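Data first, discussion second: the structure below is written as structure tokens.
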Amino acid sequence: MGNVGAKEIPELLNAEGRRIDGRKLDELRSITMKVGPLTRADGSAFVEWGENKVMAAVYGPREVHPRHLMQTSKAIIQCRYNMAAFSVDERKRPGQDRRSQEISKVITEAFESVVFTEEFPKTSIDIYIEVLQANAGTRCAGLVAASLALADAGIPMADLVSAVAVGKVAGRIALDLKKEEDNFGEADLPMALVPQSGRLVLIQMEGHLNRDELRQALDLGTKGCREIYDRMREALRAKYDTPTSAVSAGVPA
Amino acid sequence: MSEVVSAEIQTTHIIDLARAGRRLDGRGIDDWRPVTVEPGYVKSADGSALVHVGDTAVLCGVKLEIGKPFPDTPNAGVLTTNAELIALSSPTFEPGPPQPEAIELSRVVDRSIRAAETIDLTKLCVTPSEKCWTCYVDIHCLDHTGNLIDAAQLAALGALTHATVPAKRFGVGEHDYPLDVSHFPVECTFVRLGDRIVADPTFEEETAGQGRLTVATDEQGNVVAMQKGKIGAFSPEEVVETVERAFRHGDRLRNVVRGT
């Protein structure tokens, strides 16, 4: 993948089958989710996933800007995925690069596949995803955060959307790649699942996978998404188990 | 430009037809429109190809120039892909900065070419850290009647396959020589119409579609890139079946590009 001319490739899988951070092939990084950390947004969520920190906010349904995008039969979803300049090793120039625009597009389409947009004609549901600290898998972390934020905003949808990336590391299919595995691995396949229907609303892939590996990757990813889905439901429930004053305390710890 | 108004009755009709295994233009669910690749269409480019998929027409031109390697890849040349959805190709395209649709198109094409290691970029290095070839792949959509992704990707592959490195012109060699193409990735796009998944969608089918899936395969039995687009969803089983179809069509289209 993107390792042309790179100097040294770290040992990604040791003799005991453990990965660079000690995980097994089918193991997720540690994840914490917090629903409703922001005060002003209609819905929000903060996800810490391995070394990723991602905040998502949802505003709306509200008036459409720019107006010409308005649709008379349904709400439109406008999603903006953005990486903070300081979120990566080498400072990223602020603003929407082509990668961010593509990710925003596929995330928008993933949510348009589950949100009951026809219930809010002539409005916009705006989703803002800010990657504060990045370590591979930010689009999946962003999608999970946005999904929780949509639920927090009370937007009706068929189901929560769960997401994870699967990849190929040292010849083996592995769940939830971290940065080194993403940079030096042989394939990366981010996916988003609608758990109740078992269907995928986001699929991207880059690298080399043969037929069997692809099937394995889809199986492992589906399993991972279901695990994350359980955590998402817990996080949502946790918000309503907490007294209101604690929730509105704002910014995450 | 992202939204095209389509009569509800036509959408319903297209989906009803698909359920019966038929399509508006008479094709079967898995049939492609005729594909032609005309290499060397633009003489001023170092490589070019005009591709027709049915009435969809896409022109790709490759230009090679001497540039500087990126600091993080001192031993490799540079490959950049850019696609323009120029306004002459569709009433829904407007002049101006690239819209998300055009960005997605160039990135999906670029991903297949890059991931498949179509061009061994280390061979484009002239002097490490100082001098390398920069390979520009510029894609112009001329007539959009559906499935721009596959037409654009075939055009890019066709242009690269028949490209020449202008070494003499840039004073880095005695003779120009053919660009070394190591792999032949081909992208195949499908859309869901009801419970059927059709190959090589027309514009009307894309508009009626409930999810789009693009799969790039190489000649060695690998999937090298995928992209799901538009509103809609696919089950993992459907993805696996679609990948199988992409291998079959990919093998056929590879031969069209390579002229065998």
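By order of appearance in the structure tokens: chains A, B, ..., then residues from 1 within every chain, and ligands from 1 in the order shown.
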
At most 8 Å to chain B: residues in chain A, only C-alpha atoms, as a PyMOL selection string: chain A and resi 1+3-6+98+101-102+105-106+109-110+112-113+198-211+214-215+218-219

In stretch 42-141 of chain B, DSSP alpha helix (DSSP H) residues written as a ChimeraX atom specification: /B:100-115

Atom-to-atom span, atom CA of B:Val256 and atom CA of B:His162, Å: 12.9 Å

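Checking A:Met55, A:Ala153, A:Leu132, A:Leu160 one by one against A:Ile228, counting only C-alpha atoms, you find the shortest gap at A:Leu160.
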
Strand (DSSP E) residues, from DSSP on the backbone, in stretch 60-178 of chain A, as number ranges by chain: A: 60-62, 76-83, 124-133, 162-169, 172-175

Two-atom distance - atom CA of B:Arg19, atom CA of B:Ile197 (Å): 9.8 Å

Spatial neighbours of A:Arg233, 12 Å, only C-alpha atoms, chain gap at least 3 places, as a PyMOL selection string: chain A and resi 33-35+144+147-148+151-152+159-162+195+226-230+236-240

Among the residues A:Thr123, A:Ser197, A:Asn135, A:Ser104, the one that comes closest to A:Glu63 [using only C-alpha atoms]: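 Closest candidate: A:Thr123.
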
Selection: 8 Å around A:Ala145, only C-alpha atoms, excl. self and same-chain fewer than 3 positions, as a ChimeraX atom specification: /A:33,44-47,54-56,129,141-142,148-149

Output for the residues just chosen: N, CA and C atoms as a PDB file, in the first residue's frame:
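File out.pdb, as written:
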```pdb
ATOM      1  N   MET A  33     -17.098   5.307  24.881  1.00  0.00           N
ATOM      2  CA  MET A  33     -18.026   6.177  24.167  1.00  0.00           C
ATOM      3  C   MET A  33     -18.788   7.000  25.195  1.00  0.00           C
ATOM      4  N   SER A  44     -24.839  14.753  20.391  1.00  0.00           N
ATOM      5  CA  SER A  44     -23.383  14.684  20.269  1.00  0.00           C
ATOM      6  C   SER A  44     -22.856  13.397  20.882  1.00  0.00           C
ATOM      7  N   ALA A  45     -21.639  13.080  20.526  1.00  0.00           N
ATOM      8  CA  ALA A  45     -20.988  11.901  21.105  1.00  0.00           C
ATOM      9  C   ALA A  45     -19.487  12.048  20.961  1.00  0.00           C
ATOM     10  N   PHE A  46     -18.785  11.439  21.912  1.00  0.00           N
ATOM     11  CA  PHE A  46     -17.330  11.454  21.883  1.00  0.00           C
ATOM     12  C   PHE A  46     -16.852  10.011  21.961  1.00  0.00           C
ATOM     13  N   VAL A  47     -15.964   9.646  21.047  1.00  0.00           N
ATOM     14  CA  VAL A  47     -15.483   8.268  21.014  1.00  0.00           C
ATOM     15  C   VAL A  47     -13.961   8.269  21.123  1.00  0.00           C
ATOM     16  N   VAL A  54     -12.399  11.170  18.696  1.00  0.00           N
ATOM     17  CA  VAL A  54     -13.284  11.736  17.687  1.00  0.00           C
ATOM     18  C   VAL A  54     -14.555  12.279  18.333  1.00  0.00           C
ATOM     19  N   MET A  55     -14.906  13.492  17.980  1.00  0.00           N
ATOM     20  CA  MET A  55     -16.125  14.127  18.485  1.00  0.00           C
ATOM     21  C   MET A  55     -17.112  14.286  17.334  1.00  0.00           C
ATOM     22  N   ALA A  56     -18.383  14.017  17.602  1.00  0.00           N
ATOM     23  CA  ALA A  56     -19.387  14.229  16.558  1.00  0.00           C
ATOM     24  C   ALA A  56     -20.550  15.031  17.123  1.00  0.00           C
ATOM     25  N   ILE A 129     -18.173  15.821  12.105  1.00  0.00           N
ATOM     26  CA  ILE A 129     -17.252  14.867  12.730  1.00  0.00           C
ATOM     27  C   ILE A 129     -15.877  15.518  12.788  1.00  0.00           C
ATOM     28  N   ALA A 141     -14.474   5.340  13.501  1.00  0.00           N
ATOM     29  CA  ALA A 141     -14.722   5.968  14.798  1.00  0.00           C
ATOM     30  C   ALA A 141     -15.673   7.150  14.621  1.00  0.00           C
ATOM     31  N   GLY A 142     -15.487   7.913  13.548  1.00  0.00           N
ATOM     32  CA  GLY A 142     -16.345   9.056  13.265  1.00  0.00           C
ATOM     33  C   GLY A 142     -17.770   8.629  12.992  1.00  0.00           C
ATOM     34  N   LEU A 148     -24.170   7.692  17.228  1.00  0.00           N
ATOM     35  CA  LEU A 148     -24.620   7.954  18.601  1.00  0.00           C
ATOM     36  C   LEU A 148     -25.192   9.369  18.706  1.00  0.00           C
ATOM     37  N   ALA A 149     -24.542  10.328  18.020  1.00  0.00           N
ATOM     38  CA  ALA A 149     -25.008  11.709  18.071  1.00  0.00           C
ATOM     39  C   ALA A 149     -26.394  11.835  17.431  1.00  0.00           C
TER      40      ALA A 149
END
```

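If only C-alpha atoms are the atoms counted, then among A:Leu25, A:Ile103, A:Ile173, A:Met83 the closest residue to A:Asp212 is A:Ile173.
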
Shell of 7 Å around A:Val166, only C-alpha atoms, local chain residues under 5 positions omitted, as a list in words: Ala174, Leu175, Asp176, Leu177, Asp188, Leu189, Pro190, Ala217 and Gly221 of chain A
